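File shown: target.csv (CSV, C-alpha atoms and all ligand atoms).
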chain,number,residue,atom,x,y,z
A,14,MET,CA,0.0,0.0,0.0
A,15,ASN,CA,2.9,2.3,0.7
A,16,ASN,CA,4.9,2.5,-2.5
A,17,GLY,CA,7.4,5.1,-1.2
A,18,LYS,CA,7.5,8.7,-0.4
A,19,GLU,CA,4.2,10.2,0.7
A,20,LEU,CA,2.1,7.5,-1.0
A,21,TYR,CA,0.4,6.3,2.2
A,22,GLN,CA,-3.3,6.9,3.0
A,23,SER,CA,-4.7,6.8,6.4
A,24,ILE,CA,-8.2,5.8,5.3
A,25,ILE,CA,-9.1,3.9,2.1
A,26,TRP,CA,-12.5,3.0,0.7
A,27,GLN,CA,-12.1,0.6,-2.1
A,28,ASN,CA,-14.2,-2.3,-3.5
A,29,ASP,CA,-16.9,-1.7,-0.8
A,30,GLN,CA,-14.3,-2.1,1.9
A,31,LEU,CA,-13.0,0.3,4.6
A,32,THR,CA,-9.3,-0.1,5.3
A,33,ILE,CA,-7.2,2.1,7.6
A,34,ILE,CA,-3.5,2.2,8.5
A,35,ASP,CA,-3.2,1.1,12.1
A,36,GLN,CA,-1.6,4.2,13.6
A,37,THR,CA,-0.8,2.4,16.9
A,38,LYS,CA,1.7,0.3,15.0
A,39,LEU,CA,3.6,3.2,13.5
A,40,PRO,CA,6.5,3.9,13.0
A,41,GLY,CA,7.6,0.3,13.4
A,42,LYS,CA,5.1,-1.3,11.1
A,43,GLU,CA,2.9,-0.1,8.3
A,44,GLU,CA,0.0,-2.3,8.8
A,45,TYR,CA,-3.4,-1.9,7.1
A,46,ILE,CA,-6.5,-3.3,8.8
A,47,ASP,CA,-10.0,-3.8,7.4
A,48,LEU,CA,-13.0,-2.4,9.4
A,49,ASN,CA,-16.2,-4.3,8.5
A,50,THR,CA,-18.7,-3.2,11.2
A,51,ALA,CA,-19.7,-0.2,13.2
A,52,GLU,CA,-18.2,-2.0,16.2
A,53,ASN,CA,-14.8,-2.3,14.4
A,54,VAL,CA,-14.9,1.4,13.7
A,55,TRP,CA,-15.9,2.3,17.3
A,56,GLU,CA,-12.9,0.3,18.6
A,57,ALA,CA,-10.5,1.6,16.1
A,58,ILE,CA,-11.4,5.2,17.0
A,59,LYS,CA,-11.4,4.5,20.8
A,60,GLN,CA,-8.0,2.8,20.6
A,61,LEU,CA,-6.5,5.5,18.3
A,62,LYS,CA,-5.9,3.1,15.5
A,63,VAL,CA,-7.4,6.0,13.5
A,64,ARG,CA,-7.0,9.4,15.1
A,65,GLY,CA,-6.9,13.1,14.5
A,66,ALA,CA,-10.1,15.1,14.3
A,67,PRO,CA,-10.8,15.0,10.5
A,68,ALA,CA,-9.8,11.4,10.2
A,69,ILE,CA,-12.2,10.2,12.9
A,70,GLY,CA,-15.0,12.3,11.2
A,71,ILE,CA,-14.3,10.5,7.9
A,72,THR,CA,-14.0,7.1,9.4
A,73,GLY,CA,-17.2,7.6,11.5
A,74,ALA,CA,-19.1,8.5,8.3
A,75,TYR,CA,-18.0,5.3,6.7
A,76,GLY,CA,-18.9,3.5,10.0
A,77,LEU,CA,-22.4,4.8,9.8
A,78,TYR,CA,-22.8,3.2,6.3
A,79,LEU,CA,-21.3,-0.1,7.6
A,80,ALA,CA,-23.9,0.0,10.4
A,81,VAL,CA,-26.9,0.2,8.1
A,82,ARG,CA,-25.9,-1.3,4.8
A,83,ASN,CA,-27.5,-4.7,5.6
A,84,ASN,CA,-30.6,-3.3,7.3
A,85,GLU,CA,-33.5,-5.0,5.7
A,86,THR,CA,-36.4,-2.6,6.4
A,87,ASP,CA,-38.0,-0.6,3.6
A,88,ARG,CA,-39.7,1.9,6.0
A,89,PHE,CA,-38.0,5.2,6.4
A,90,ASP,CA,-38.9,5.6,10.1
A,91,GLU,CA,-37.3,2.3,11.0
A,92,PHE,CA,-34.3,2.9,8.8
A,93,PHE,CA,-33.8,6.4,10.3
A,94,GLU,CA,-34.1,5.0,13.8
A,95,ALA,CA,-31.3,2.5,13.1
A,96,ALA,CA,-29.1,5.1,11.6
A,97,ASN,CA,-29.7,7.5,14.5
A,98,LYS,CA,-28.8,4.8,17.0
A,99,ALA,CA,-25.7,3.9,15.1
A,100,ALA,CA,-24.7,7.5,14.9
A,101,ASN,CA,-25.1,7.9,18.7
A,102,TYR,CA,-23.0,4.8,19.2
A,103,LEU,CA,-20.2,5.9,16.9
A,104,ASN,CA,-20.2,9.4,18.4
A,105,SER,CA,-19.7,7.9,21.9
A,106,SER,CA,-16.2,6.6,20.9
A,107,ARG,CA,-14.5,10.0,21.5
A,108,PRO,CA,-16.1,13.2,22.7
A,109,THR,CA,-13.8,16.1,22.0
A,110,ALA,CA,-13.3,16.4,18.3
A,111,VAL,CA,-16.4,18.0,16.7
A,112,ASN,CA,-15.6,16.5,13.3
A,113,LEU,CA,-17.1,13.1,14.3
A,114,SER,CA,-20.5,14.5,15.4
A,115,TRP,CA,-20.4,16.9,12.5
A,116,ALA,CA,-20.0,14.1,9.9
A,117,LEU,CA,-22.6,11.9,11.6
A,118,ASN,CA,-25.2,14.8,12.0
A,119,HIS,CA,-24.5,15.8,8.4
A,120,ILE,CA,-25.6,12.4,7.2
A,121,LEU,CA,-28.6,12.2,9.5
A,122,ASP,CA,-29.8,15.6,8.2
A,123,LYS,CA,-29.5,14.4,4.6
A,124,LEU,CA,-31.6,11.4,5.5
A,125,LEU,CA,-34.3,13.6,6.9
A,126,GLU,CA,-34.2,15.8,3.9
A,127,ASN,CA,-34.6,12.8,1.6
A,128,SER,CA,-37.2,10.8,3.6
A,129,LYS,CA,-39.3,10.1,0.5
A,130,LEU,CA,-36.5,8.1,-1.2
A,131,PRO,CA,-36.5,4.3,-1.1
A,132,VAL,CA,-34.2,2.9,1.6
A,133,SER,CA,-31.9,1.4,-1.0
A,134,ASP,CA,-31.3,4.9,-2.4
A,135,LEU,CA,-30.7,6.2,1.1
A,136,LYS,CA,-28.0,3.6,1.7
A,137,LYS,CA,-26.2,4.7,-1.5
A,138,MET,CA,-26.6,8.3,-0.4
A,139,ILE,CA,-25.0,7.6,3.0
A,140,LEU,CA,-22.0,6.0,1.3
A,141,GLN,CA,-21.7,8.8,-1.2
A,142,THR,CA,-21.8,11.4,1.6
A,143,ALA,CA,-19.0,9.6,3.4
A,144,ILE,CA,-16.9,9.5,0.2
A,145,ASP,CA,-17.7,13.2,-0.4
A,146,ILE,CA,-16.6,14.2,3.2
A,147,HIS,CA,-13.4,12.2,2.5
A,148,ASP,CA,-12.7,13.9,-0.9
A,149,GLU,CA,-13.5,17.3,0.4
A,150,ASP,CA,-11.1,16.9,3.3
A,151,ARG,CA,-8.2,16.3,0.9
A,152,GLN,CA,-9.1,19.4,-1.0
A,153,LEU,CA,-9.6,21.7,2.0
A,154,CYS,CA,-6.5,20.5,3.7
A,155,ARG,CA,-4.6,21.6,0.6
A,156,GLN,CA,-6.3,25.0,0.7
A,157,ILE,CA,-5.4,25.3,4.4
A,158,GLY,CA,-1.7,24.8,3.5
A,159,GLU,CA,-1.9,27.2,0.6
A,160,HIS,CA,-3.3,30.0,2.8
A,161,GLY,CA,-1.2,29.2,5.8
A,162,GLU,CA,2.2,29.1,4.1
A,163,LYS,CA,1.9,32.8,3.5
A,164,LEU,CA,2.3,33.3,7.2
A,165,VAL,CA,5.6,31.5,7.2
A,166,PRO,CA,8.7,33.7,6.8
A,167,GLU,CA,11.8,32.7,4.8
A,168,GLY,CA,14.2,30.4,6.7
A,169,ALA,CA,11.5,29.6,9.3
A,170,GLN,CA,11.9,27.3,12.3
A,171,ILE,CA,8.4,26.0,13.1
A,172,LEU,CA,7.3,24.3,16.3
A,173,THR,CA,4.4,21.9,16.2
A,174,HIS,CA,2.6,19.6,18.6
A,175,CYS,CA,0.9,16.2,18.2
A,176,ASN,CA,0.2,14.8,14.7
A,177,THR,CA,-1.8,16.9,12.2
A,178,GLY,CA,-0.6,15.3,8.9
A,179,GLY,CA,-2.1,13.0,6.2
A,180,LEU,CA,-2.5,10.4,8.9
A,181,ALA,CA,-4.9,12.6,10.9
A,182,THR,CA,-6.8,13.8,7.8
A,183,GLY,CA,-7.8,12.7,4.3
A,184,GLN,CA,-4.4,14.0,3.0
A,185,TYR,CA,-1.9,16.8,3.6
A,186,GLY,CA,-3.1,17.5,7.1
A,187,THR,CA,-3.9,20.9,8.7
A,188,ALA,CA,-0.9,22.4,10.6
A,189,PHE,CA,1.2,19.8,8.7
A,190,SER,CA,-0.2,21.1,5.4
A,191,VAL,CA,1.0,24.7,6.3
A,192,ILE,CA,4.5,23.3,7.0
A,193,TYR,CA,4.4,21.1,3.8
A,194,HIS,CA,3.4,24.0,1.6
A,195,ALA,CA,5.9,26.4,3.2
A,196,HIS,CA,8.6,23.7,2.6
A,197,ARG,CA,7.6,23.5,-1.1
A,198,GLN,CA,8.2,27.2,-1.3
A,199,GLY,CA,11.7,26.6,0.2
A,200,LYS,CA,10.9,28.6,3.4
A,201,VAL,CA,11.3,25.9,6.1
A,202,LYS,CA,14.7,25.7,7.8
A,203,LYS,CA,13.5,23.3,10.4
A,204,VAL,CA,10.5,21.8,12.2
A,205,TRP,CA,10.6,21.2,15.9
A,206,VAL,CA,8.5,18.2,16.7
A,207,ASP,CA,7.1,18.0,20.3
A,208,GLU,CA,7.1,14.3,21.2
A,209,THR,CA,3.6,14.7,22.6
A,210,ARG,CA,3.3,12.7,25.8
A,211,PRO,CA,1.8,10.4,26.7
A,212,LEU,CA,1.0,8.6,23.4
A,213,LEU,CA,3.9,10.2,21.4
A,214,GLN,CA,1.9,11.2,18.3
A,215,GLY,CA,4.7,13.7,17.5
A,216,ALA,CA,7.6,11.2,18.0
A,217,ARG,CA,5.9,8.3,16.3
A,218,LEU,CA,3.8,9.9,13.6
A,219,THR,CA,4.8,13.4,12.8
A,220,THR,CA,8.5,12.5,12.4
A,221,TRP,CA,7.4,9.6,10.2
A,222,GLU,CA,5.4,11.9,7.9
A,223,LEU,CA,8.1,14.7,7.9
A,224,GLN,CA,10.7,12.1,6.9
A,225,LYS,CA,8.6,10.8,4.1
A,226,ALA,CA,8.1,14.4,2.9
A,227,GLY,CA,11.8,15.2,3.1
A,228,ILE,CA,11.2,18.1,5.5
A,229,PRO,CA,14.1,18.8,7.9
A,230,PHE,CA,13.2,18.4,11.6
A,231,SER,CA,14.4,17.7,15.1
A,232,LEU,CA,12.4,15.8,17.7
A,233,ASN,CA,12.3,17.4,21.2
A,234,ILE,CA,10.7,16.4,24.5
A,235,ASP,CA,7.6,18.6,25.2
A,236,SER,CA,9.3,20.3,28.1
A,237,ALA,CA,12.2,21.5,25.8
A,238,ALA,CA,9.8,23.9,24.0
A,239,ALA,CA,10.4,26.8,26.4
A,240,PHE,CA,14.2,26.6,26.2
A,241,LEU,CA,14.3,26.4,22.4
A,242,MET,CA,12.0,29.4,22.2
A,243,LYS,CA,14.2,31.3,24.7
A,244,GLN,CA,17.2,30.5,22.5
A,245,GLY,CA,15.4,32.1,19.5
A,246,ASN,CA,14.9,28.8,17.7
A,247,ALA,CA,11.2,29.0,16.9
A,248,ASP,CA,9.8,31.7,14.6
A,249,LEU,CA,6.2,30.4,14.9
A,250,VAL,CA,4.1,27.7,16.4
A,251,VAL,CA,1.4,26.0,14.4
A,252,ILE,CA,-1.0,23.3,15.7
A,253,GLY,CA,-4.3,21.7,14.6
A,254,ALA,CA,-7.6,21.7,16.5
A,255,ASP,CA,-10.2,19.2,17.7
A,256,ARG,CA,-12.9,21.8,18.4
A,257,ILE,CA,-12.9,25.6,18.1
A,258,THR,CA,-15.8,27.4,19.9
A,259,ALA,CA,-17.7,30.5,18.7
A,260,ASN,CA,-15.2,32.8,20.5
A,261,GLY,CA,-12.0,31.1,19.0
A,262,ASP,CA,-11.1,29.1,22.1
A,263,THR,CA,-9.4,25.9,20.8
A,264,ALA,CA,-9.3,22.4,22.1
A,265,ASN,CA,-6.3,20.4,20.9
A,266,LYS,CA,-3.9,17.8,22.2
A,267,ILE,CA,-2.8,18.2,25.9
A,268,GLY,CA,0.1,20.5,26.0
A,269,SER,CA,-1.2,23.0,23.4
A,270,TYR,CA,-2.3,25.5,26.1
A,271,GLY,CA,1.2,25.5,27.7
A,272,LEU,CA,2.8,26.0,24.3
A,273,ALA,CA,0.5,29.0,23.6
A,274,VAL,CA,1.4,30.6,27.0
A,275,LEU,CA,5.1,30.0,26.1
A,276,ALA,CA,4.8,31.5,22.6
A,277,ASN,CA,3.0,34.5,24.1
A,278,ALA,CA,5.8,35.0,26.7
A,279,HIS,CA,8.4,34.9,23.9
A,280,ASN,CA,6.5,37.0,21.4
A,281,ILE,CA,6.2,34.2,18.9
A,282,PRO,CA,3.1,33.9,16.7
A,283,PHE,CA,0.8,31.1,17.6
A,284,TYR,CA,-1.4,29.7,14.8
A,285,VAL,CA,-4.2,27.2,14.7
A,286,ALA,CA,-4.9,25.4,11.4
A,287,ALA,CA,-8.3,23.6,11.0
A,288,PRO,CA,-11.1,23.1,8.5
A,289,TYR,CA,-14.2,25.2,8.8
A,290,SER,CA,-16.1,22.2,10.1
A,291,THR,CA,-14.0,22.2,13.3
A,292,ILE,CA,-15.6,25.5,14.4
A,293,ASP,CA,-18.5,24.7,16.7
A,294,MET,CA,-20.8,27.7,16.7
A,295,ASN,CA,-23.1,25.9,19.2
A,296,LEU,CA,-20.6,26.3,22.0
A,297,GLN,CA,-19.9,29.8,23.2
A,298,HIS,CA,-16.5,29.2,24.9
A,299,GLY,CA,-13.9,26.6,25.6
A,300,GLY,CA,-15.1,25.9,29.1
A,301,LEU,CA,-18.0,24.1,27.6
A,302,ILE,CA,-16.0,21.5,25.6
A,303,ASP,CA,-16.2,17.9,26.8
A,304,ILE,CA,-12.6,17.0,27.4
A,305,GLU,CA,-11.8,13.3,27.0
A,306,GLN,CA,-10.1,11.6,30.0
A,307,ARG,CA,-8.1,8.6,29.0
A,308,ASP,CA,-6.8,5.4,30.7
A,309,PRO,CA,-4.4,6.1,33.6
A,310,ALA,CA,-2.2,3.3,32.2
A,311,GLU,CA,-1.2,5.6,29.3
A,312,VAL,CA,0.7,7.7,31.8
A,313,SER,CA,1.8,5.2,34.5
A,314,ARG,CA,3.1,2.6,32.0
A,315,PHE,CA,5.3,2.8,29.0
A,316,MET,CA,4.9,-0.1,26.4
A,317,ASN,CA,3.3,-2.1,29.2
A,318,THR,CA,6.2,-1.5,31.6
A,319,PRO,CA,5.2,0.3,34.8
A,320,THR,CA,6.9,3.7,35.1
A,321,ALA,CA,5.1,4.6,38.3
A,322,PRO,CA,3.9,2.6,41.3
A,323,GLU,CA,0.8,0.5,40.6
A,324,GLY,CA,-2.6,1.8,41.5
A,325,ILE,CA,-1.6,5.5,41.9
A,326,ASP,CA,-4.0,8.3,41.0
A,327,VAL,CA,-3.3,9.7,37.5
A,328,TYR,CA,-4.6,12.8,35.7
A,329,ASN,CA,-4.8,12.1,31.9
A,330,PRO,CA,-6.9,14.5,29.9
A,331,ALA,CA,-6.3,13.9,26.2
A,332,PHE,CA,-6.8,17.6,25.3
A,333,ASP,CA,-6.7,21.1,26.7
A,334,VAL,CA,-8.1,24.4,25.6
A,335,VAL,CA,-6.1,27.3,24.2
A,336,PRO,CA,-7.8,30.6,25.1
A,337,HIS,CA,-8.6,32.7,22.0
A,338,SER,CA,-6.6,35.6,23.4
A,339,LEU,CA,-3.3,33.6,22.9
A,340,ILE,CA,-4.1,32.7,19.2
A,341,THR,CA,-2.5,35.0,16.6
A,342,ALA,CA,-4.7,33.7,13.8
A,343,ILE,CA,-6.8,30.7,12.7
A,344,ILE,CA,-6.0,29.2,9.3
A,345,THR,CA,-9.0,27.6,7.5
A,346,GLU,CA,-9.6,26.6,3.9
A,347,ARG,CA,-11.6,29.8,3.5
A,348,GLY,CA,-8.6,31.9,4.5
A,349,ILE,CA,-6.8,33.3,7.5
A,350,ILE,CA,-9.1,34.5,10.4
A,351,LYS,CA,-7.7,37.1,12.8
A,352,PRO,CA,-9.2,38.3,16.1
A,353,GLU,CA,-11.8,39.2,17.0
A,354,TYR,CA,-12.9,35.7,16.4
A,355,ALA,CA,-16.4,35.9,17.7
A,356,ARG,CA,-17.2,38.7,15.3
A,357,ASN,CA,-15.3,37.3,12.4
A,358,PHE,CA,-16.8,33.8,12.7
A,359,LYS,CA,-20.3,35.3,12.8
A,360,GLU,CA,-19.6,37.0,9.5
A,361,MET,CA,-18.1,33.8,8.1
A,362,PHE,CA,-21.1,31.7,9.1
A,363,SER,CA,-23.7,34.2,7.9
A,364,PRO,CA,-25.9,32.9,5.1
A,365,ALA,CA,-24.3,35.4,2.7
A,366,ALA,CA,-20.8,34.1,3.4
A,367,ILE,CA,-21.9,30.5,3.0
A,368,GLU,CA,-23.8,31.0,-0.3
B,401,LIG,O1,-5.7,12.2,20.5
B,401,LIG,P1,-5.5,12.5,19.1
B,401,LIG,O2,-4.2,11.9,18.6
B,401,LIG,O3,-6.6,12.1,18.2
B,401,LIG,O4,-5.3,14.1,19.0
B,401,LIG,C1,-5.2,14.7,17.8
B,401,LIG,C2,-4.9,16.2,17.9
B,401,LIG,O5,-5.0,16.8,19.0
B,401,LIG,C3,-4.7,16.9,16.6
B,401,LIG,O6,-3.9,18.0,16.8
B,401,LIG,C4,-6.1,17.4,16.1
B,401,LIG,O7,-7.0,16.3,16.0
B,401,LIG,C5,-5.9,18.0,14.7
B,401,LIG,S1,-5.5,16.8,13.5
B,401,LIG,C6,-5.5,17.5,12.0
Take the structure in this file and express it as structure tokens.
Amino acid sequence: MNNGKELYQSIIWQNDQLTIIDQTKLPGKEEYIDLNTAENVWEAIKQLKVRGAPAIGITGAYGLYLAVRNNETDRFDEFFEAANKAANYLNSSRPTAVNLSWALNHILDKLLENSKLPVSDLKKMILQTAIDIHDEDRQLCRQIGEHGEKLVPEGAQILTHCNTGGLATGQYGTAFSVIYHAHRQGKVKKVWVDETRPLLQGARLTTWELQKAGIPFSLNIDSAAAFLMKQGNADLVVIGADRITANGDTANKIGSYGLAVLANAHNIPFYVAAPYSTIDMNLQHGGLIDIEQRDPAEVSRFMNTPTAPEGIDVYNPAFDVVPHSLITAIITERGIIKPEYARNFKEMFSPAAIE
């Protein structure tokens, strides 16, 4: 499946079959696994075999199709009830990234709008919608990169956190796409990759993707970020997002908030790159975001070897929230959004802007 540089895909729909690269096995092994049921999809999302906000939205959409494709009813109400139940189930796998609920609700809305169609056509429509979400993600990630690279100065050293590349999206990534497109313009001197404790998405996945793309980088432990900023080695920080609220507050991988505080203290621009669908206009501020708490063993063990006494109390939030006041700009496929985010999002989401 991986024929060399950059030719990997995190999610593949081919011959009526959903296949993903198992991200828990990277970088050691490039293993592709088939997901045949909604339960397979739920498990894969929960266990981070597929991860990254856009990627779980895409996989969840295919998962909804897998959940209902063999449903035998020909009545819309029964079919819709089954789809709704499957959507709630899939959505329960991970709470923080809005992309998952966005994709599932988008499909449910389309079903309601087309309630007069035969169930066989509705099934085809669900699959086509999942394919469209997947295709659109590739395109808008490219656009995010094209807009974002304009913010990158010549000879830039860029600090990033977690994994936001093609693995986390349909292709190109979000923050990674900004880096990738700036590199193509010859502007990137170096990328600093936070290892991203506890699950090492930076060390395991971002370095793997940077290596494939031929982009120069160094891996650093998360707590080295302050010192490398102090030494003048970071010109900007760019991260992705799992959910951005109506005022610009941004949930992203744990450690993002600390990085934003540090960037601010060192006068370094702090950018968030995310597709438009990551902006959740239903939540007014970041305090309302449901932050996923994960298994204590992710912190107290490393590769199944205890690194702390057994049975201790562990705090393991998967995400934190960067207050909007610390974000220099938000890069979307529609362009670069600057503060004041509450006002600018409202304009962006007005019917006139969407038309
Ligand atoms: O727990 P993860 O690995 O799914 O967390 C992912 C992140 O925090 C990413 O930065 C975010 O989803 C944006 S990916 C384009």
Query raised in the report: Looking at A:Thr37, A:Thr72, A:Thr341, A:Ser363, which one is nearest to Ala276 of chain A, with distances taken over only C-alpha atoms?
Result: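 Looking at the shortest contact to Ala276 of chain A, the residue is A:Thr341.
Summary of the local environment: counting all atoms listed in the file, residues at most 6 Å from Trp205 of chain A, other than itself and those fewer than 6 positions away along its chain, are A:Ile171, A:Leu172, A:Phe230, A:Ser231, A:Leu232.
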Query raised in the report: For Asp150 of chain A, which residue among A:Ala264, A:Val132, A:Ile24, A:Leu212 is the nearest when counting all atoms listed in the file?
Result: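 Among A:Ala264, A:Val132, A:Ile24, A:Leu212, it is A:Ile24 that comes nearest to Asp150 of chain A.
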Taking all atoms listed in the file into account, report as a PDB file with C-alpha atoms, in the frame of the given file which residues have an atom no farther than 8 Å from an atom of ligand LIG 401 (chain B).
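See result-v5.pdb below for the written result:
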ATOM      1  CA  LEU A  61      -6.500   5.500  18.300  1.00  0.00           C
ATOM      2  CA  VAL A  63      -7.400   6.000  13.500  1.00  0.00           C
ATOM      3  CA  ARG A  64      -7.000   9.400  15.100  1.00  0.00           C
ATOM      4  CA  GLY A  65      -6.900  13.100  14.500  1.00  0.00           C
ATOM      5  CA  ALA A  66     -10.100  15.100  14.300  1.00  0.00           C
ATOM      6  CA  PRO A  67     -10.800  15.000  10.500  1.00  0.00           C
ATOM      7  CA  ALA A  68      -9.800  11.400  10.200  1.00  0.00           C
ATOM      8  CA  ILE A  69     -12.200  10.200  12.900  1.00  0.00           C
ATOM      9  CA  ALA A 110     -13.300  16.400  18.300  1.00  0.00           C
ATOM     10  CA  HIS A 174       2.600  19.600  18.600  1.00  0.00           C
ATOM     11  CA  CYS A 175       0.900  16.200  18.200  1.00  0.00           C
ATOM     12  CA  ASN A 176       0.200  14.800  14.700  1.00  0.00           C
ATOM     13  CA  THR A 177      -1.800  16.900  12.200  1.00  0.00           C
ATOM     14  CA  GLY A 178      -0.600  15.300   8.900  1.00  0.00           C
ATOM     15  CA  ALA A 181      -4.900  12.600  10.900  1.00  0.00           C
ATOM     16  CA  THR A 182      -6.800  13.800   7.800  1.00  0.00           C
ATOM     17  CA  GLY A 186      -3.100  17.500   7.100  1.00  0.00           C
ATOM     18  CA  THR A 187      -3.900  20.900   8.700  1.00  0.00           C
ATOM     19  CA  ALA A 188      -0.900  22.400  10.600  1.00  0.00           C
ATOM     20  CA  PHE A 189       1.200  19.800   8.700  1.00  0.00           C
ATOM     21  CA  LEU A 212       1.000   8.600  23.400  1.00  0.00           C
ATOM     22  CA  GLN A 214       1.900  11.200  18.300  1.00  0.00           C
ATOM     23  CA  ILE A 252      -1.000  23.300  15.700  1.00  0.00           C
ATOM     24  CA  GLY A 253      -4.300  21.700  14.600  1.00  0.00           C
ATOM     25  CA  ALA A 254      -7.600  21.700  16.500  1.00  0.00           C
ATOM     26  CA  ASP A 255     -10.200  19.200  17.700  1.00  0.00           C
ATOM     27  CA  ALA A 264      -9.300  22.400  22.100  1.00  0.00           C
ATOM     28  CA  ASN A 265      -6.300  20.400  20.900  1.00  0.00           C
ATOM     29  CA  LYS A 266      -3.900  17.800  22.200  1.00  0.00           C
ATOM     30  CA  ILE A 267      -2.800  18.200  25.900  1.00  0.00           C
ATOM     31  CA  ALA A 286      -4.900  25.400  11.400  1.00  0.00           C
ATOM     32  CA  ALA A 287      -8.300  23.600  11.000  1.00  0.00           C
ATOM     33  CA  ALA A 331      -6.300  13.900  26.200  1.00  0.00           C
ATOM     34  CA  PHE A 332      -6.800  17.600  25.300  1.00  0.00           C
TER      35      PHE A 332
END
**Report entry** Shell around segment 116-121 of chain A at 6 Å using only C-alpha atoms, local window under 6 positions removed, as a PyMOL selection string
**Finding:** chain A and resi 70+74+100
Requested in this report: Using atom CA of Gly215 of chain A and atom CA of Gly76 of chain A as the two end points, give the distance in Å to one decimal.
Outcome: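 According to the coordinates, atom CA of Gly215 of chain A and atom CA of Gly76 of chain A are separated by 26.8 Å.
Going from atom CA of Ser290 of chain A over to atom CA of Asp122 of chain A, you cover 15.3 Å.
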**Report entry** Who sits within 9 Å of Glu149 of chain A, all atoms listed in the file, same chain under 5 positions skipped, as a list in words
**Finding:**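 Contacts, with the query itself left out: Ile144, Cys154 and Gly183 of chain A.
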Report task. Name the residues in contact with Ile228 of chain A at a cut-off of 12 Å, using all atoms listed in the file, excluding same-chain residues fewer than 5 positions from it; report them as a ChimeraX atom specification. Result -> /A:18-19,170-171,189-190,192-206,219-223
